[in-house]
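Enquirer: Contents are mmCIF, C-alpha atoms; chains and numbers go by the auth columns; file name final.cif:
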data_structure
#
loop_
_atom_site.group_PDB
_atom_site.id
_atom_site.type_symbol
_atom_site.label_atom_id
_atom_site.label_comp_id
_atom_site.label_asym_id
_atom_site.label_seq_id
_atom_site.Cartn_x
_atom_site.Cartn_y
_atom_site.Cartn_z
_atom_site.B_iso_or_equiv
_atom_site.auth_seq_id
_atom_site.auth_asym_id
ATOM 1 C CA MET A 1 -8.960 -15.613 0.398 0.00 132 A
ATOM 2 C CA LYS A 2 -6.543 -15.393 -2.517 0.00 133 A
ATOM 3 C CA THR A 3 -4.968 -11.951 -2.281 0.00 134 A
ATOM 4 C CA ALA A 4 -2.799 -9.769 -4.510 0.00 135 A
ATOM 5 C CA ILE A 5 -1.068 -6.692 -3.153 0.00 136 A
ATOM 6 C CA ILE A 6 0.124 -4.226 -5.737 0.00 137 A
ATOM 7 C CA TYR A 7 2.920 -2.088 -4.324 0.00 138 A
ATOM 8 C CA TYR A 8 5.503 0.582 -4.911 0.00 139 A
ATOM 9 C CA SER A 9 8.239 0.700 -2.276 0.00 140 A
ATOM 10 C CA GLU A 10 11.485 2.258 -3.353 0.00 141 A
ATOM 11 C CA HIS A 11 12.664 5.133 -1.172 0.00 142 A
ATOM 12 C CA HIS A 12 13.688 3.148 1.950 0.00 143 A
ATOM 13 C CA GLY A 13 11.614 -0.006 1.444 0.00 144 A
ATOM 14 C CA ASN A 14 9.325 0.963 4.332 0.00 145 A
ATOM 15 C CA THR A 15 6.129 -0.302 2.735 0.00 146 A
ATOM 16 C CA LYS A 16 7.745 -3.536 1.533 0.00 147 A
ATOM 17 C CA LYS A 17 8.671 -4.395 5.155 0.00 148 A
ATOM 18 C CA LEU A 18 4.961 -4.412 6.024 0.00 149 A
ATOM 19 C CA LEU A 19 4.038 -6.440 2.954 0.00 150 A
ATOM 20 C CA ASP A 20 6.694 -9.103 3.508 0.00 151 A
ATOM 21 C CA ALA A 21 5.278 -9.713 6.996 0.00 152 A
ATOM 22 C CA ILE A 22 1.720 -9.916 5.632 0.00 153 A
ATOM 23 C CA ALA A 23 2.771 -12.298 2.844 0.00 154 A
ATOM 24 C CA ALA A 24 4.363 -14.612 5.422 0.00 155 A
ATOM 25 C CA HIS A 25 0.924 -15.061 7.044 0.00 156 A
ATOM 26 C CA GLY A 26 -1.305 -15.916 4.095 0.00 157 A
ATOM 27 C CA ASP A 27 -1.940 -16.726 0.453 0.00 158 A
ATOM 28 C CA VAL A 28 -0.620 -13.404 -0.835 0.00 159 A
ATOM 29 C CA THR A 29 0.960 -12.529 -4.163 0.00 160 A
ATOM 30 C CA LEU A 30 3.051 -9.348 -4.115 0.00 161 A
ATOM 31 C CA VAL A 31 3.109 -7.485 -7.432 0.00 162 A
ATOM 32 C CA ASP A 32 5.583 -4.646 -7.999 0.00 163 A
ATOM 33 C CA ALA A 33 3.644 -1.955 -9.869 0.00 164 A
ATOM 34 C CA THR A 34 6.741 -0.976 -11.852 0.00 165 A
ATOM 35 C CA SER A 35 7.893 -4.404 -13.001 0.00 166 A
ATOM 36 C CA THR A 36 4.557 -5.850 -14.109 0.00 167 A
ATOM 37 C CA PRO A 37 2.591 -3.077 -15.843 0.00 168 A
ATOM 38 C CA LYS A 38 -0.150 -5.413 -17.153 0.00 169 A
ATOM 39 C CA THR A 39 -1.458 -8.034 -14.731 0.00 170 A
ATOM 40 C CA ASP A 40 -4.697 -10.024 -14.736 0.00 171 A
ATOM 41 C CA LEU A 41 -6.162 -9.625 -11.239 0.00 172 A
ATOM 42 C CA SER A 42 -9.505 -11.292 -11.957 0.00 173 A
ATOM 43 C CA ALA A 43 -8.638 -14.486 -10.009 0.00 174 A
ATOM 44 C CA TYR A 44 -8.008 -12.592 -6.761 0.00 175 A
ATOM 45 C CA GLY A 45 -10.805 -12.114 -4.244 0.00 176 A
ATOM 46 C CA LEU A 46 -8.981 -9.371 -2.367 0.00 177 A
ATOM 47 C CA ILE A 47 -6.673 -6.749 -3.859 0.00 178 A
ATOM 48 C CA GLY A 48 -4.453 -4.423 -1.870 0.00 179 A
ATOM 49 C CA PHE A 49 -2.673 -1.282 -2.983 0.00 180 A
ATOM 50 C CA ALA A 50 0.391 -0.240 -0.995 0.00 181 A
ATOM 51 C CA SER A 51 2.874 2.591 -1.353 0.00 182 A
ATOM 52 C CA GLY A 52 4.831 5.233 0.404 0.00 183 A
ATOM 53 C CA ILE A 53 3.377 8.704 0.048 0.00 184 A
ATOM 54 C CA TYR A 54 4.839 10.915 -2.663 0.00 185 A
ATOM 55 C CA TYR A 55 3.646 14.508 -2.968 0.00 186 A
ATOM 56 C CA SER A 56 0.623 13.762 -0.736 0.00 187 A
ATOM 57 C CA LYS A 57 -0.611 10.676 -2.638 0.00 188 A
ATOM 58 C CA PHE A 58 0.226 7.103 -3.527 0.00 189 A
ATOM 59 C CA HIS A 59 3.035 6.831 -6.082 0.00 190 A
ATOM 60 C CA ASP A 60 1.995 7.648 -9.673 0.00 191 A
ATOM 61 C CA ASP A 61 3.106 4.217 -10.963 0.00 192 A
ATOM 62 C CA LEU A 62 0.759 2.527 -8.497 0.00 193 A
ATOM 63 C CA LEU A 63 -2.121 4.833 -9.440 0.00 194 A
ATOM 64 C CA LYS A 64 -1.584 4.103 -13.143 0.00 195 A
ATOM 65 C CA PHE A 65 -1.456 0.367 -12.408 0.00 196 A
ATOM 66 C CA ALA A 66 -4.763 0.537 -10.515 0.00 197 A
ATOM 67 C CA GLU A 67 -6.415 2.515 -13.296 0.00 198 A
ATOM 68 C CA LYS A 68 -5.294 0.034 -15.930 0.00 199 A
ATOM 69 C CA ASN A 69 -5.588 -3.332 -14.139 0.00 200 A
ATOM 70 C CA LEU A 70 -8.199 -3.278 -11.348 0.00 201 A
ATOM 71 C CA PRO A 71 -11.197 -5.388 -12.398 0.00 202 A
ATOM 72 C CA TYR A 72 -14.665 -4.055 -11.675 0.00 203 A
ATOM 73 C CA GLY A 73 -16.336 -4.849 -8.343 0.00 204 A
ATOM 74 C CA LYS A 74 -13.370 -6.184 -6.326 0.00 205 A
ATOM 75 C CA LYS A 75 -12.775 -5.962 -2.576 0.00 206 A
ATOM 76 C CA VAL A 76 -9.779 -3.703 -1.961 0.00 207 A
ATOM 77 C CA PHE A 77 -7.657 -2.304 0.842 0.00 208 A
ATOM 78 C CA PHE A 78 -4.929 0.327 1.085 0.00 209 A
ATOM 79 C CA ILE A 79 -1.659 0.339 3.011 0.00 210 A
ATOM 80 C CA TYR A 80 0.733 3.252 3.146 0.00 211 A
ATOM 81 C CA THR A 81 3.765 4.573 4.987 0.00 212 A
ATOM 82 C CA CYS A 82 4.498 8.266 5.345 0.00 213 A
ATOM 83 C CA GLY A 83 6.927 10.646 6.998 0.00 214 A
ATOM 84 C CA MET A 84 4.132 12.572 8.696 0.00 215 A
ATOM 85 C CA LYS A 85 0.428 11.874 8.921 0.00 216 A
ATOM 86 C CA ARG A 86 -2.084 14.045 7.131 0.00 217 A
ATOM 87 C CA LYS A 87 -5.552 13.511 5.737 0.00 218 A
ATOM 88 C CA SER A 88 -6.371 12.871 2.092 0.00 219 A
ATOM 89 C CA TYR A 89 -3.375 10.723 1.096 0.00 220 A
ATOM 90 C CA THR A 90 -5.828 8.112 -0.209 0.00 221 A
ATOM 91 C CA ASP A 91 -8.053 10.464 -2.223 0.00 222 A
ATOM 92 C CA ALA A 92 -6.552 9.838 -5.685 0.00 223 A
ATOM 93 C CA LEU A 93 -6.513 6.059 -5.227 0.00 224 A
ATOM 94 C CA LYS A 94 -10.030 6.078 -3.785 0.00 225 A
ATOM 95 C CA GLN A 95 -11.308 7.908 -6.880 0.00 226 A
ATOM 96 C CA ILE A 96 -9.870 5.145 -9.063 0.00 227 A
ATOM 97 C CA THR A 97 -11.235 2.273 -6.983 0.00 228 A
ATOM 98 C CA ASP A 98 -14.647 3.959 -6.701 0.00 229 A
ATOM 99 C CA SER A 99 -14.765 4.312 -10.495 0.00 230 A
ATOM 100 C CA LYS A 100 -14.173 0.552 -10.725 0.00 231 A
ATOM 101 C CA GLY A 101 -17.020 -0.281 -8.325 0.00 232 A
ATOM 102 C CA ALA A 102 -14.589 -1.575 -5.699 0.00 233 A
ATOM 103 C CA GLN A 103 -15.524 -2.121 -2.063 0.00 234 A
ATOM 104 C CA LEU A 104 -12.908 -0.532 0.233 0.00 235 A
ATOM 105 C CA LEU A 105 -12.498 -2.777 3.293 0.00 236 A
ATOM 106 C CA GLY A 106 -10.002 -0.612 5.137 0.00 237 A
ATOM 107 C CA VAL A 107 -6.837 1.450 5.254 0.00 238 A
ATOM 108 C CA TYR A 108 -3.685 0.811 7.278 0.00 239 A
ATOM 109 C CA ASP A 109 -1.057 3.505 7.639 0.00 240 A
ATOM 110 C CA CYS A 110 2.016 4.055 9.742 0.00 241 A
ATOM 111 C CA LEU A 111 5.030 6.289 9.837 0.00 242 A
ATOM 112 C CA GLY A 112 8.021 5.397 7.684 0.00 243 A
ATOM 113 C CA PHE A 113 11.558 6.778 7.676 0.00 244 A
ATOM 114 C CA ASP A 114 11.584 9.664 5.218 0.00 245 A
ATOM 115 C CA THR A 115 14.588 11.502 3.754 0.00 246 A
ATOM 116 C CA PHE A 116 12.874 12.759 0.612 0.00 247 A
ATOM 117 C CA GLY A 117 13.853 16.180 -0.741 0.00 248 A
ATOM 118 C CA PRO A 118 14.951 18.701 1.876 0.00 249 A
ATOM 119 C CA LEU A 119 14.392 16.211 4.707 0.00 250 A
ATOM 120 C CA ARG A 120 17.731 14.592 3.834 0.00 251 A
ATOM 121 C CA PHE A 121 19.491 17.749 5.072 0.00 252 A
ATOM 122 C CA VAL A 122 18.144 17.215 8.587 0.00 253 A
ATOM 123 C CA GLY A 123 18.729 13.442 8.651 0.00 254 A
ATOM 124 C CA GLY A 124 15.120 12.576 7.843 0.00 255 A
ATOM 125 C CA ILE A 125 12.012 12.127 9.944 0.00 256 A
ATOM 126 C CA ALA A 126 10.261 9.122 11.486 0.00 257 A
ATOM 127 C CA LYS A 127 13.571 7.363 12.116 0.00 258 A
ATOM 128 C CA GLY A 128 13.264 3.693 13.017 0.00 259 A
ATOM 129 C CA ARG A 129 9.827 3.356 11.429 0.00 260 A
ATOM 130 C CA PRO A 130 8.131 1.180 10.554 0.00 261 A
ATOM 131 C CA ASN A 131 9.034 -0.610 13.757 0.00 262 A
ATOM 132 C CA ASP A 132 7.991 -4.040 15.053 0.00 263 A
ATOM 133 C CA ALA A 133 4.692 -2.676 16.402 0.00 264 A
ATOM 134 C CA ASP A 134 3.877 -1.095 13.015 0.00 265 A
ATOM 135 C CA ILE A 135 4.620 -4.378 11.238 0.00 266 A
ATOM 136 C CA ALA A 136 2.508 -6.377 13.704 0.00 267 A
ATOM 137 C CA GLY A 137 -0.275 -3.824 13.236 0.00 268 A
ATOM 138 C CA ALA A 138 -0.208 -4.352 9.476 0.00 269 A
ATOM 139 C CA VAL A 139 -0.500 -8.126 9.890 0.00 270 A
ATOM 140 C CA LYS A 140 -3.365 -7.686 12.358 0.00 271 A
ATOM 141 C CA PHE A 141 -5.143 -5.273 9.990 0.00 272 A
ATOM 142 C CA PHE A 142 -4.838 -7.776 7.147 0.00 273 A
ATOM 143 C CA GLY A 143 -6.443 -10.483 9.285 0.00 274 A
ATOM 144 C CA GLU A 144 -9.250 -8.177 10.378 0.00 275 A
ATOM 145 C CA ILE A 145 -10.281 -7.354 6.819 0.00 276 A
ATOM 146 C CA GLY A 146 -10.533 -11.013 5.837 0.00 277 A
ATOM 147 C CA GLY A 147 -6.999 -11.823 4.786 0.00 278 A
ATOM 148 C CA GLU A 148 -5.253 -14.768 6.321 0.00 279 A
ATOM 149 C CA GLY A 149 -3.319 -12.753 8.875 0.00 280 A
ATOM 150 C CA GLU A 150 -3.053 -13.070 12.638 0.00 281 A
ATOM 151 C CA SER A 151 -6.726 -12.376 13.416 0.00 282 A
ATOM 152 C CA ALA A 152 -8.033 -14.842 10.836 0.00 283 A
ATOM 153 C CA GLN A 153 -6.167 -17.822 12.266 0.00 284 A
#
Take the structure I supplied and represent it as C-alpha coordinates, if you would.

Expert:
Amino acid sequence: MKTAIIYYSEHHGNTKKLLDAIAAHGDVTLVDATSTPKTDLSAYGLIGFASGIYYSKFHDDLLKFAEKNLPYGKKVFFIYTCGMKRKSYTDALKQITDSKGAQLLGVYDCLGFDTFGPLRFVGGIAKGRPNDADIAGAVKFFGEIGGEGESAQ
(Lines of atoms letter the chains of each structure in order from A and count residues from 1; the text may use other names and numbers.)
(Lines give C-alpha, C1' and ligand atoms only; values in the text may rest on other atoms or scores of the structure.)
Protein backbone atom coordinates (compact mmCIF):
# COMPACT_ATOMS: atom_id res chain seq x y z
CA MET A 1 0.00 0.00 0.00
CA LYS A 2 1.37 3.41 -0.93
CA THR A 3 2.45 5.01 2.34
CA ALA A 4 3.51 8.47 3.48
CA ILE A 5 5.13 9.00 6.86
CA ILE A 6 5.13 12.56 8.12
CA TYR A 7 7.90 13.05 10.66
CA TYR A 8 9.79 15.41 12.90
CA SER A 9 13.15 14.08 14.07
CA GLU A 10 15.67 16.67 15.10
CA HIS A 11 17.04 16.23 18.62
CA HIS A 12 19.23 13.13 18.03
CA GLY A 13 17.56 11.71 14.92
CA ASN A 14 16.14 8.80 16.93
CA THR A 15 12.82 8.66 15.11
CA LYS A 16 14.42 9.04 11.68
CA LYS A 17 16.51 5.89 12.33
CA LEU A 18 13.28 3.89 12.62
CA LEU A 19 11.76 5.50 9.54
CA ASP A 20 14.80 4.92 7.34
CA ALA A 21 14.61 1.20 8.14
CA ILE A 22 10.87 1.12 7.39
CA ALA A 23 11.34 3.01 4.11
CA ALA A 24 13.95 0.45 3.01
CA HIS A 25 11.26 -2.27 3.21
CA GLY A 26 8.38 -0.77 1.24
CA ASP A 27 6.79 1.88 -0.94
CA VAL A 28 7.18 4.66 1.61
CA THR A 29 7.55 8.40 1.11
CA LEU A 30 9.09 10.23 4.07
CA VAL A 31 7.88 13.81 4.48
CA ASP A 32 9.65 16.18 6.88
CA ALA A 33 6.88 18.15 8.60
CA THR A 34 9.07 21.26 8.74
CA SER A 35 10.28 21.38 5.15
CA THR A 36 7.00 20.69 3.35
CA PRO A 37 4.24 22.57 5.20
CA LYS A 38 1.58 21.93 2.52
CA THR A 39 1.44 18.42 1.05
CA ASP A 40 -1.34 16.61 -0.80
CA LEU A 41 -1.72 13.24 0.93
CA SER A 42 -4.85 12.13 -0.91
CA ALA A 43 -3.00 9.55 -3.07
CA TYR A 44 -1.69 7.64 -0.04
CA GLY A 45 -3.63 4.71 1.37
CA LEU A 46 -1.72 4.70 4.64
CA ILE A 47 -0.36 7.73 6.48
CA GLY A 48 2.01 7.60 9.42
CA PHE A 49 2.92 10.32 11.88
CA ALA A 50 6.27 10.00 13.65
CA SER A 51 8.11 12.19 16.13
CA GLY A 52 10.12 12.29 19.27
CA ILE A 53 8.16 13.40 22.30
CA TYR A 54 8.41 17.05 23.28
CA TYR A 55 6.70 18.25 26.45
CA SER A 56 4.63 15.03 26.62
CA LYS A 57 3.32 15.13 23.02
CA PHE A 58 4.33 14.86 19.40
CA HIS A 59 6.24 17.91 18.16
CA ASP A 60 4.06 20.98 17.49
CA ASP A 61 5.19 21.20 13.83
CA LEU A 62 3.96 17.66 13.24
CA LEU A 63 0.64 18.37 14.96
CA LYS A 64 0.13 21.49 12.83
CA PHE A 65 0.99 19.51 9.69
CA ALA A 66 -1.58 16.83 10.57
CA GLU A 67 -4.26 19.43 11.27
CA LYS A 68 -3.65 21.17 7.96
CA ASN A 69 -2.92 18.27 5.57
CA LEU A 70 -4.55 15.00 6.70
CA PRO A 71 -7.40 14.14 4.33
CA TYR A 72 -10.64 12.85 5.81
CA GLY A 73 -11.09 9.11 6.38
CA LYS A 74 -7.50 7.85 5.97
CA LYS A 75 -5.83 4.88 7.66
CA VAL A 76 -3.14 6.18 10.01
CA PHE A 77 -0.48 4.97 12.41
CA PHE A 78 1.80 6.64 14.95
CA ILE A 79 5.47 6.06 15.75
CA TYR A 80 7.36 7.82 18.50
CA THR A 81 10.60 7.72 20.46
CA CYS A 82 10.88 9.02 24.00
CA GLY A 83 13.35 9.27 26.86
CA MET A 84 10.96 7.58 29.28
CA LYS A 85 7.63 5.89 28.69
CA ARG A 86 4.42 7.41 29.96
CA LYS A 87 0.80 7.27 28.89
CA SER A 88 -0.99 9.92 26.86
CA TYR A 89 1.83 10.99 24.52
CA THR A 90 -0.51 10.34 21.58
CA ASP A 91 -3.55 12.22 22.93
CA ALA A 92 -3.09 15.49 21.00
CA LEU A 93 -2.39 13.71 17.71
CA LYS A 94 -5.28 11.29 18.27
CA GLN A 95 -7.67 14.23 18.72
CA ILE A 96 -6.60 15.58 15.33
CA THR A 97 -6.86 12.26 13.50
CA ASP A 98 -10.22 11.50 15.14
CA SER A 99 -11.53 14.88 13.96
CA LYS A 100 -10.52 13.89 10.42
CA GLY A 101 -12.36 10.55 10.58
CA ALA A 102 -9.10 8.60 10.45
CA GLN A 103 -8.80 4.94 11.37
CA LEU A 104 -5.86 4.40 13.76
CA LEU A 105 -4.24 1.06 12.91
CA GLY A 106 -1.62 1.09 15.64
CA VAL A 107 1.11 2.80 17.61
CA TYR A 108 4.78 1.86 17.85
CA ASP A 109 7.00 3.42 20.49
CA CYS A 110 10.46 2.82 21.85
CA LEU A 111 13.02 4.57 23.96
CA GLY A 112 15.31 7.10 22.32
CA PHE A 113 18.45 8.79 23.61
CA ASP A 114 17.33 12.00 25.29
CA THR A 115 19.47 14.95 26.43
CA PHE A 116 16.73 17.57 26.33
CA GLY A 117 16.77 20.33 28.95
CA PRO A 118 18.25 19.36 32.30
CA LEU A 119 18.92 15.80 31.13
CA ARG A 120 22.03 17.07 29.32
CA PHE A 121 23.63 17.75 32.73
CA VAL A 122 23.49 14.05 33.61
CA GLY A 123 24.59 12.80 30.18
CA GLY A 124 21.06 11.98 29.03
CA ILE A 125 18.83 8.96 29.42
CA ALA A 126 18.06 5.92 27.26
CA LYS A 127 21.61 5.83 25.92
CA GLY A 128 22.11 3.59 22.90
CA ARG A 129 18.43 3.70 21.93
CA PRO A 130 16.87 3.09 19.58
CA ASN A 131 18.94 -0.05 19.20
CA ASP A 132 18.82 -2.79 16.55
CA ALA A 133 15.93 -4.56 18.31
CA ASP A 134 13.92 -1.31 18.42
CA ILE A 135 14.53 -0.73 14.71
CA ALA A 136 13.57 -4.31 13.83
CA GLY A 137 10.45 -3.89 15.97
CA ALA A 138 9.44 -0.80 14.00
CA VAL A 139 9.82 -2.65 10.69
CA LYS A 140 7.80 -5.58 12.05
CA PHE A 141 5.07 -3.23 13.32
CA PHE A 142 4.85 -1.59 9.90
CA GLY A 143 4.36 -4.98 8.24
CA GLU A 144 1.72 -6.01 10.77
CA ILE A 145 -0.44 -2.96 10.11
CA GLY A 146 -0.47 -3.54 6.36
CA GLY A 147 2.65 -1.75 5.23
CA GLU A 148 5.17 -3.59 3.14
CA GLY A 149 7.49 -4.42 6.02
CA GLU A 150 8.93 -7.71 7.21
CA SER A 151 5.60 -9.35 8.13
CA ALA A 152 3.93 -8.46 4.84
CA GLN A 153 6.53 -10.18 2.68

Enquirer: Go through the shown structure with the PyMOL selection byres ((chain A and resi 228) around 12) and write out the matching residues as a count of residues only.

Expert: 34

Enquirer: Once the PyMOL selection byres ((chain A and resi 147) around 10) has been evaluated on this model, what residues remain selected, and can you format them as an MDAnalysis selection string?

Expert: chainID A and resid 138:141 143:146 148:153 161 163 181:183 211:212

Enquirer: Taking the file as I've supplied it (selection: the PyMOL selection byres ((chain A and resi 134) around 10)), which residues are included? Please answer as a PyMOL selection string.

Expert: chain A and resi 132-133+135-137+154+157-161+172+174-179+206-207+277-279

Enquirer: Between CA of Lys216 in chain A and CA of Ile276 in chain A, what is the spacing in Å?

Expert: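 Interatomic distance, CA of Ile276 in chain A to CA of Lys216 in chain A: 22.1 Å.
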
Enquirer: Quick one, how far is CA of Phe189 in chain A from CA of Asp171 in chain A?

Expert: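 CA of Phe189 in chain A sits 21.1 Å away from CA of Asp171 in chain A.
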
Enquirer: Suppose you want the space between CA of Asp191 in chain A and CA of Gly237 in chain A; what is it in Å?

Expert: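 Going from CA of Asp191 in chain A over to CA of Gly237 in chain A, I get 20.8 Å.
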